[in-house]
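Novice: Take a look at model.txt, compact mmCIF, C-alpha atoms:
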# COMPACT_ATOMS: atom_id res chain seq x y z
CA MET V 1 -19.03 4.44 -55.11
CA THR V 2 -15.60 4.74 -56.68
CA ALA V 3 -12.15 4.48 -55.17
CA ASP V 4 -9.62 7.25 -55.61
CA ASP V 5 -6.01 6.57 -56.60
CA SER V 6 -4.83 6.54 -52.99
CA GLY V 7 -6.97 3.50 -52.26
CA ALA V 8 -9.43 5.31 -50.00
CA ALA V 9 -13.11 4.92 -50.71
CA PRO V 10 -14.68 8.38 -50.95
CA ARG V 11 -18.32 9.08 -50.42
CA ASP V 12 -20.79 8.88 -53.26
CA THR V 13 -19.97 11.84 -55.49
CA ASP V 14 -23.63 12.54 -56.25
CA THR V 15 -24.19 13.00 -52.54
CA GLU V 16 -21.08 15.16 -52.32
CA ASP V 17 -22.45 17.47 -55.00
CA GLU V 18 -25.36 18.21 -52.68
CA ALA V 19 -23.45 18.30 -49.41
CA VAL V 20 -22.14 21.53 -47.93
CA ARG V 21 -20.89 21.53 -44.35
CA ASP V 22 -19.57 24.23 -42.04
CA VAL V 23 -15.82 24.46 -41.57
CA PRO V 24 -13.77 26.51 -39.11
CA ALA V 25 -13.16 30.13 -40.11
CA GLY V 26 -9.61 31.04 -41.01
CA ASP V 27 -8.69 27.65 -42.48
CA PRO V 28 -8.62 27.96 -46.27
CA PRO V 29 -9.80 26.59 -48.56
CA GLY V 30 -13.46 26.47 -47.56
CA ALA V 31 -12.97 28.85 -44.69
CA VAL V 32 -16.48 30.26 -44.32
CA ASP V 33 -19.96 29.04 -43.60
CA GLU V 34 -21.86 28.67 -46.85
CA GLY V 35 -25.19 28.50 -45.10
CA ASP V 36 -25.81 32.22 -45.75
CA GLU V 37 -25.16 32.85 -49.45
CA ASN V 38 -25.25 36.60 -48.91
CA SER V 39 -22.74 36.64 -46.05
CA ILE V 40 -19.95 39.20 -46.40
CA ALA V 41 -17.34 36.52 -45.74
CA LEU V 42 -18.53 34.41 -48.66
CA ARG V 43 -18.82 37.45 -50.92
CA LEU V 44 -15.25 38.45 -50.04
CA GLU V 45 -14.02 34.94 -50.76
CA GLN V 46 -15.70 34.96 -54.17
CA LEU V 47 -14.28 38.41 -54.90
CA ILE V 48 -10.73 37.44 -53.97
CA LEU V 49 -10.74 34.00 -55.59
CA GLY V 50 -12.63 35.21 -58.63
CA ALA V 51 -14.75 32.06 -58.81
CA ASP V 52 -17.56 30.23 -57.10
CA ARG V 53 -17.22 27.03 -55.09
CA ARG V 54 -17.78 24.03 -57.34
CA TYR V 55 -15.74 21.06 -56.15
CA THR V 56 -15.14 18.88 -53.15
CA PRO V 57 -11.46 17.95 -52.68
CA PHE V 58 -12.11 14.54 -54.26
CA GLN V 59 -13.82 16.11 -57.26
CA ALA V 60 -11.04 18.68 -57.69
CA ALA V 61 -8.36 15.97 -57.61
CA ARG V 62 -10.30 13.86 -60.12
CA SER V 63 -10.82 16.83 -62.47
CA ALA V 64 -7.10 17.67 -62.25
CA GLY V 65 -6.18 14.07 -63.03
CA VAL V 66 -4.17 13.51 -59.85
CA SER V 67 -4.58 11.11 -56.95
CA MET V 68 -6.37 12.31 -53.85
CA ASP V 69 -3.24 11.44 -51.87
CA LEU V 70 -1.03 13.74 -53.97
CA ALA V 71 -3.63 16.50 -53.97
CA ALA V 72 -3.83 16.34 -50.17
CA ARG V 73 -0.04 16.54 -49.92
CA PHE V 74 0.00 19.65 -52.12
CA TRP V 75 -2.80 21.34 -50.17
CA ARG V 76 -1.24 20.60 -46.79
CA ALA V 77 2.12 21.86 -48.06
CA MET V 78 0.43 25.13 -49.08
CA GLY V 79 -0.94 25.43 -45.53
CA PHE V 80 -4.57 24.55 -46.21
CA ALA V 81 -6.48 22.66 -43.54
CA ASP V 82 -8.10 19.28 -44.18
CA ILE V 83 -11.77 20.02 -44.90
CA GLY V 84 -13.16 16.55 -45.50
CA GLN V 85 -15.39 16.49 -48.57
CA VAL V 86 -16.83 19.99 -48.42
CA LYS V 87 -17.71 21.69 -51.70
CA ALA V 88 -15.28 24.55 -51.21
CA LEU V 89 -12.84 24.50 -54.16
CA THR V 90 -12.85 26.41 -57.44
CA GLU V 91 -11.52 26.05 -60.97
CA ALA V 92 -8.36 27.81 -59.80
CA ASP V 93 -7.69 25.01 -57.31
CA VAL V 94 -8.07 22.43 -60.08
CA LEU V 95 -5.73 24.40 -62.36
CA ALA V 96 -3.10 24.70 -59.61
CA LEU V 97 -3.15 20.93 -59.12
CA ARG V 98 -2.82 20.34 -62.87
CA ARG V 99 0.14 22.68 -63.09
CA LEU V 100 2.05 21.13 -60.21
CA ALA V 101 1.31 17.61 -61.38
CA GLY V 102 2.22 18.59 -64.94
CA LEU V 103 5.65 19.79 -63.84
CA VAL V 104 6.21 16.39 -62.23
CA GLU V 105 4.92 14.45 -65.24
CA ALA V 106 7.15 16.48 -67.59
CA GLY V 107 10.19 15.63 -65.48
CA LEU V 108 10.89 19.29 -64.66
CA LEU V 109 10.34 18.69 -60.93
CA SER V 110 10.42 15.61 -58.78
CA GLU V 111 7.32 14.99 -56.69
CA ALA V 112 9.26 15.92 -53.55
CA MET V 113 10.44 19.17 -55.16
CA ALA V 114 6.89 20.03 -56.26
CA VAL V 115 5.75 19.63 -52.65
CA GLN V 116 8.62 21.92 -51.56
CA VAL V 117 7.51 24.51 -54.11
CA ALA V 118 3.99 24.34 -52.69
CA ARG V 119 5.26 24.60 -49.11
CA SER V 120 7.64 27.53 -49.68
CA THR V 121 5.01 29.45 -51.62
CA GLY V 122 2.32 28.73 -49.04
CA GLN V 123 4.44 29.73 -46.06
CA THR V 124 5.61 32.97 -47.65
CA THR V 125 2.22 34.12 -48.91
CA ALA V 126 0.44 33.10 -45.69
CA ARG V 127 2.66 35.45 -43.72
CA LEU V 128 2.17 38.20 -46.29
CA ALA V 129 -1.61 37.79 -46.25
CA ASP V 130 -1.71 37.86 -42.43
CA TRP V 131 0.38 41.02 -42.37
CA GLN V 132 -1.79 42.75 -44.95
CA ILE V 133 -5.00 41.95 -43.09
CA ASP V 134 -3.68 42.63 -39.58
CA SER V 135 -1.71 45.79 -40.31
CA PHE V 136 -2.95 47.18 -43.58
CA LEU V 137 -6.67 46.53 -43.88
CA GLU V 138 -7.39 47.09 -40.19
CA GLY V 139 -5.86 50.54 -40.37
CA LEU V 140 -7.79 51.46 -43.50
CA THR V 141 -11.12 50.15 -42.24
CA GLU V 142 -11.36 52.12 -39.01
CA PRO V 143 -14.93 53.30 -38.46
CA GLN V 144 -15.51 56.35 -40.64
CA ASP V 145 -17.58 59.50 -40.18
CA SER V 146 -20.01 58.09 -42.73
CA GLY V 147 -21.30 55.72 -40.10
CA LEU V 148 -20.45 52.62 -42.15
CA THR V 149 -19.23 49.59 -40.24
CA ARG V 150 -15.86 47.96 -40.86
CA THR V 151 -17.65 45.06 -42.55
CA GLU V 152 -19.41 47.44 -44.94
CA ILE V 153 -16.15 49.23 -45.77
CA THR V 154 -14.05 46.10 -46.29
CA TYR V 155 -15.71 44.79 -49.46
CA PRO V 156 -15.35 47.90 -51.65
CA LEU V 157 -11.86 48.49 -50.25
CA VAL V 158 -10.69 44.99 -51.16
CA GLU V 159 -12.37 45.35 -54.55
CA LEU V 160 -10.28 48.47 -55.25
CA LEU V 161 -6.99 47.20 -53.80
CA LEU V 162 -6.99 43.61 -55.02
CA PRO V 163 -5.80 44.15 -58.63
CA GLU V 164 -3.17 46.68 -57.56
CA LEU V 165 -1.77 44.46 -54.80
CA GLU V 166 -1.77 41.45 -57.12
CA GLU V 167 0.24 43.26 -59.80
CA PHE V 168 2.65 44.63 -57.20
CA LEU V 169 3.17 41.15 -55.73
CA VAL V 170 4.02 39.72 -59.15
CA TYR V 171 6.39 42.63 -59.84
CA VAL V 172 8.31 42.17 -56.58
CA TRP V 173 8.43 38.39 -57.05
CA ARG V 174 9.88 38.75 -60.56
CA ARG V 175 12.50 41.21 -59.27
CA GLN V 176 13.48 38.88 -56.44
CA LEU V 177 13.52 35.89 -58.80
CA ALA V 178 15.82 37.74 -61.19
CA ALA V 179 18.21 38.61 -58.35
CA ALA V 180 18.23 35.05 -56.98
CA THR V 181 18.77 33.58 -60.45
CA GLY V 182 21.68 35.92 -61.00
CA ARG V 183 23.34 34.78 -57.80
CA VAL V 184 22.96 31.14 -58.82
CA VAL V 185 24.35 31.76 -62.32
CA ARG V 186 27.39 33.49 -60.83
CA ALA V 187 28.11 30.49 -58.58
CA GLN V 188 31.40 28.81 -59.48
CA ASP V 189 30.06 25.27 -59.68
CA ASP V 190 26.99 23.15 -59.10
CA VAL V 191 27.92 22.43 -55.47
CA GLU V 192 28.16 26.12 -54.69
CA MET V 193 24.63 26.64 -55.93
CA VAL V 194 23.33 24.82 -52.84
CA ASP V 195 26.28 24.76 -50.43
CA ARG V 196 27.74 28.25 -50.72
CA ARG V 197 30.36 30.28 -48.85
CA LEU V 198 28.54 33.21 -47.30
CA ALA V 199 28.78 35.66 -44.45
CA VAL V 200 25.88 35.05 -42.06
CA GLY V 201 24.94 37.42 -39.27
CA PHE V 202 22.47 37.70 -36.41
CA ALA V 203 21.41 40.98 -34.79
CA ASP V 204 19.74 40.61 -31.40
CA LEU V 205 18.04 43.12 -29.12
CA VAL V 206 19.49 43.02 -25.58
CA GLY V 207 17.06 42.57 -22.69
CA PHE V 208 14.03 41.93 -24.88
CA THR V 209 12.47 39.51 -22.38
CA ARG V 210 12.46 42.22 -19.71
CA LEU V 211 10.87 44.62 -22.16
CA THR V 212 8.01 42.21 -22.80
CA ARG V 213 7.11 42.42 -19.10
CA ARG V 214 7.41 46.21 -18.93
CA LEU V 215 5.80 47.45 -22.15
CA GLU V 216 2.18 47.34 -23.17
CA GLU V 217 1.40 44.98 -26.06
CA GLU V 218 0.89 47.85 -28.52
CA GLU V 219 4.17 49.51 -27.50
CA LEU V 220 6.00 46.20 -27.83
CA GLY V 221 4.51 45.63 -31.28
CA GLU V 222 5.60 49.09 -32.41
CA LEU V 223 9.14 48.50 -31.11
CA VAL V 224 9.45 45.15 -32.92
CA GLU V 225 8.07 46.64 -36.13
CA ALA V 226 10.51 49.57 -35.95
CA PHE V 227 13.42 47.18 -35.29
CA GLU V 228 12.51 44.87 -38.16
CA THR V 229 11.92 47.79 -40.54
CA THR V 230 15.26 49.42 -39.69
CA CYS V 231 17.13 46.14 -40.09
CA SER V 232 15.37 45.29 -43.35
CA ASP V 233 16.16 48.68 -44.86
CA LEU V 234 19.81 48.66 -43.80
CA VAL V 235 20.45 45.10 -44.94
CA ALA V 236 18.88 45.73 -48.34
CA ALA V 237 20.52 49.14 -48.83
CA HIS V 238 24.02 47.74 -48.35
CA GLY V 239 23.61 44.68 -50.57
CA GLY V 240 22.76 41.96 -48.07
CA ARG V 241 19.73 39.69 -47.84
CA LEU V 242 17.35 39.51 -44.92
CA ILE V 243 16.73 35.79 -44.33
CA LYS V 244 14.12 36.09 -41.58
CA THR V 245 13.00 38.06 -38.57
CA LEU V 246 12.32 36.51 -35.17
CA GLY V 247 10.81 39.39 -33.22
CA ASP V 248 13.85 40.50 -31.24
CA GLU V 249 16.36 39.02 -33.70
CA VAL V 250 17.08 39.17 -37.43
CA LEU V 251 19.14 36.83 -39.58
CA PHE V 252 20.91 38.22 -42.65
CA SER V 253 23.50 37.07 -45.14
CA ALA V 254 25.87 38.54 -47.73
CA ASP V 255 28.09 37.12 -50.45
CA ASP V 256 30.93 39.45 -49.43
CA ALA V 257 32.46 39.71 -45.95
CA GLY V 258 32.97 43.45 -46.38
CA ILE V 259 29.27 43.95 -47.04
CA ALA V 260 28.34 41.91 -43.97
CA ALA V 261 30.80 43.89 -41.82
CA GLU V 262 29.32 47.18 -43.03
CA ILE V 263 25.78 45.95 -42.28
CA GLY V 264 26.71 44.78 -38.78
CA LEU V 265 28.36 48.07 -37.83
CA ARG V 266 25.61 50.16 -39.42
CA LEU V 267 23.00 48.30 -37.39
CA ILE V 268 24.87 49.06 -34.16
CA GLU V 269 25.43 52.71 -35.09
CA THR V 270 21.82 53.29 -36.16
CA MET V 271 20.22 51.60 -33.16
CA SER V 272 22.53 53.31 -30.66
CA HIS V 273 21.29 56.71 -31.88
CA ASP V 274 17.66 55.75 -31.30
CA GLU V 275 16.70 56.34 -27.67
CA THR V 276 13.61 54.18 -27.99
CA MET V 277 15.66 51.09 -28.89
CA PRO V 278 17.48 48.74 -26.50
CA GLU V 279 21.14 47.94 -27.01
CA LEU V 280 22.01 45.62 -29.88
CA ARG V 281 24.59 42.89 -30.34
CA VAL V 282 25.69 41.32 -33.61
CA GLY V 283 27.53 38.10 -34.44
CA ILE V 284 28.82 37.24 -37.93
CA ALA V 285 30.51 34.09 -39.25
CA PHE V 286 31.87 33.17 -42.68
CA GLY V 287 31.84 29.74 -44.28
CA THR V 288 29.86 27.10 -46.13
CA VAL V 289 26.10 27.46 -45.78
CA THR V 290 23.32 25.19 -47.01
CA THR V 291 20.33 27.05 -48.44
CA ARG V 292 16.85 25.55 -48.43
CA MET V 293 13.50 27.25 -49.12
CA GLY V 294 14.96 30.71 -48.59
CA ASP V 295 16.53 29.78 -45.24
CA VAL V 296 20.14 28.97 -44.35
CA PHE V 297 21.51 26.10 -42.28
CA GLY V 298 24.80 24.67 -41.10
CA THR V 299 27.68 25.14 -38.70
CA THR V 300 28.37 28.66 -39.96
CA VAL V 301 24.83 29.74 -39.04
CA ASN V 302 25.11 28.09 -35.61
CA LEU V 303 28.43 29.82 -34.99
CA ALA V 304 27.01 33.23 -35.91
CA SER V 305 24.17 32.64 -33.44
CA ARG V 306 26.60 31.66 -30.65
CA LEU V 307 28.77 34.72 -31.34
CA THR V 308 25.71 36.92 -31.01
CA SER V 309 24.84 35.42 -27.64
CA ILE V 310 28.32 36.18 -26.20
CA ALA V 311 28.81 39.60 -27.82
CA PRO V 312 28.97 42.59 -25.44
CA LYS V 313 26.30 45.25 -25.83
CA ASP V 314 26.55 47.40 -28.98
CA THR V 315 29.40 45.39 -30.47
CA VAL V 316 29.99 43.11 -33.44
CA LEU V 317 31.81 39.82 -32.91
CA VAL V 318 33.06 37.77 -35.87
CA ASP V 319 34.72 34.38 -36.19
CA GLU V 320 38.27 33.67 -37.31
CA ALA V 321 37.22 32.68 -40.85
CA PHE V 322 35.41 36.00 -41.24
CA ALA V 323 38.46 37.91 -39.99
CA GLU V 324 40.68 36.05 -42.46
CA GLU V 325 38.27 36.80 -45.32
CA LEU V 326 38.30 40.52 -44.51
CA GLY V 327 42.08 40.39 -44.63
CA ARG V 328 42.09 38.48 -47.91
CA ILE V 329 39.89 41.02 -49.68
CA GLY V 330 41.80 43.96 -48.21
CA ASP V 331 39.08 45.42 -46.00
CA ALA V 332 41.03 44.85 -42.77
CA PRO V 333 44.72 44.32 -42.02
CA VAL V 334 45.86 40.76 -41.56
CA SER V 335 48.19 42.03 -38.84
CA GLU V 336 47.81 45.32 -36.97
CA ALA V 337 51.57 45.31 -36.37
CA ASP V 338 52.27 45.08 -40.10
CA ALA V 339 49.71 47.79 -40.80
CA ALA V 340 51.30 50.10 -38.22
CA ALA V 341 54.77 49.45 -39.67
CA ALA V 342 53.52 50.25 -43.18
CA GLU V 343 51.94 53.48 -41.97
CA LYS V 344 55.13 54.52 -40.19
CA ALA V 345 57.23 53.78 -43.26
CA ALA V 346 54.88 55.85 -45.40
CA GLU V 347 55.09 58.78 -42.97
CA GLU V 348 58.89 58.63 -43.06
CA GLY V 349 58.87 58.51 -46.84
CA THR V 350 60.63 55.17 -46.99
CA GLY V 351 57.78 53.02 -48.27
CA GLU V 352 54.67 52.97 -50.48
CA ALA V 353 51.38 54.46 -49.34
CA PRO V 354 49.75 52.03 -46.90
CA PRO V 355 46.49 50.34 -47.87
CA SER V 356 43.27 52.12 -46.89
CA TYR V 357 41.47 49.70 -44.61
CA ARG V 358 37.78 50.12 -43.68
CA PHE V 359 37.71 47.89 -40.63
CA ALA V 360 39.80 46.92 -37.63
CA LEU V 361 39.88 43.53 -35.92
CA GLN V 362 40.87 42.81 -32.34
CA PRO V 363 41.26 39.19 -31.17
CA MET V 364 39.32 38.35 -28.01
CA TRP V 365 39.89 35.59 -25.47
CA GLN V 366 39.30 32.09 -26.78
CA ARG V 367 36.33 30.41 -25.19
CA PRO V 368 34.48 27.13 -25.45
CA VAL V 369 31.17 27.35 -27.26
CA ARG V 370 28.58 24.66 -26.70
CA GLY V 371 28.48 22.25 -29.63
CA LEU V 372 31.26 24.03 -31.54
CA GLY V 373 34.38 23.55 -29.41
CA VAL V 374 36.82 26.37 -28.70
CA VAL V 375 36.16 29.58 -30.64
CA GLU V 376 38.32 32.68 -30.98
CA PRO V 377 36.02 35.68 -31.47
CA TRP V 378 37.27 38.91 -33.05
CA LEU V 379 35.89 42.35 -32.20
CA LEU V 380 34.98 44.22 -35.38
CA THR V 381 35.19 48.03 -35.41
CA ARG V 382 35.69 50.80 -37.92
CA ARG V 383 39.25 51.80 -38.59
CA GLY V 384 40.27 55.37 -37.83
Please lay out the structure from this file as structure tokens.

Specialist:
Amino acid sequence: MTADDSGAAPRDTDTEDEAVRDVPAGDPPGAVDEGDENSIALRLEQLILGADRRYTPFQAARSAGVSMDLAARFWRAMGFADIGQVKALTEADVLALRRLAGLVEAGLLSEAMAVQVARSTGQTTARLADWQIDSFLEGLTEPQDSGLTRTEITYPLVELLLPELEEFLVYVWRRQLAAATGRVVRAQDDVEMVDRRLAVGFADLVGFTRLTRRLEEEELGELVEAFETTCSDLVAAHGGRLIKTLGDEVLFSADDAGIAAEIGLRLIETMSHDETMPELRVGIAFGTVTTRMGDVFGTTVNLASRLTSIAPKDTVLVDEAFAEELGRIGDAPVSEADAAAAEKAAEEGTGEAPPSYRFALQPMWQRPVRGLGVVEPWLLTRRG
């Protein structure tokens, strides 16, 4: 018996080398029953991981040279269930521990930051993996005319797709990393790298709760997928960033208020021409935003959410700071009266050509907003 670095007394490692116990399916690592060595689930695991099971968690931590406590923190952060001392880990698991611990030992990451890296990566890839299995593989493994079962089709299909999907994932990640790094480098100072001034917007389907009671599950799923796809495409096409989707709501951001305004109006215009979609409402705010693990937080985000909840159907409401920013960058007039006077002077030939504004802003009634005090929303529309 030996004690690991966390102070816990693990079982005898010789016994652990022999022991293999069942664990619940769907909880990696060690997600399948190893009792049947020829089971399709175990064969798929070996295919995807590219290695056989060799280590219990204690053995993997010891081989990586890290404490069991730190290893457990990394695994939980990545979204892996506690599996006791089952022999379910591979050389890849040991290497991952060494790499994370090595970044900490080299002083490149603090231990807390290394855990955050593990958590953000685990959360993102878990969602991706679920989507690929639920939507992609299920569609491709429908029973065929050959008479093969879905189980019999899955293995050769995964074998063909795995290297292609892996390379594509790395390509997209590098592209996204390059874009994110560029945004950070362009930040004016170190504070702005974390607490940045952004436009943040929510787009929300109206009456979604009623739809959930009226539509069949498959119809509802198709509607949500169409909504998220349309929003994702529009946000990306116009230079914004999709932060997350929440079924009937999406959260997006943009460095420029003009870009955010264009996205908000495009979403309304596109959805209103789709008879299968409910009405949409959008709220956008501009201000300092804290970014963490790909998400955004702060008063600006809360304000955008509140504006969305009070927006009339098929309209975009923005806050005063957003309206001022549009005026500052010349995308909307600071004063409609001044804009009208400039246009009249230009028509009469007594002044310079008036600026060409893209958007119009109309102040709405001030109203108290829970947790944020009195807010003056502005209705955003296209000009002309």

Novice: Looking at V:Leu380, V:Leu215, V:Ala101, V:Leu303, which one is nearest to V:Pro333, with distances taken over only C-alpha atoms?

Specialist: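 Among the listed residues, V:Leu380 lies closest to V:Pro333.
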
Novice: Which of these residues is nearest to V:Lys313, using only C-alpha atoms: V:Thr300, V:Thr381, V:Ser335, V:Ser272?

Specialist: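 Of all the options, V:Ser272 lies closest to V:Lys313.
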
Novice: Could you check which residues have any atom within 10 Å of (37.8, 41.6, -32.4), counting all atoms listed in the file with coordinates taken straight from the file, and then list them as number ranges by chain?

Specialist: V: 315-320, 323, 360-365, 376-381

Novice: Neighbours of stretch 367-374 of chain V within 9 Å (all atoms listed in the file; same-chain residues fewer than 5 positions away dropped), as a list of chain:residue names?

Specialist: V:Thr299, V:Asn302, V:Leu303, V:Arg306, V:Leu307

Novice: With all atoms listed in the file as the basis for distance, which of V:Ile243, V:Leu220, V:Ala112, V:Leu165 is at the shortest distance from V:Val296?

Specialist: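 Of V:Ile243, V:Leu220, V:Ala112, V:Leu165, the one nearest V:Val296, counting all atoms listed in the file, is V:Ile243.
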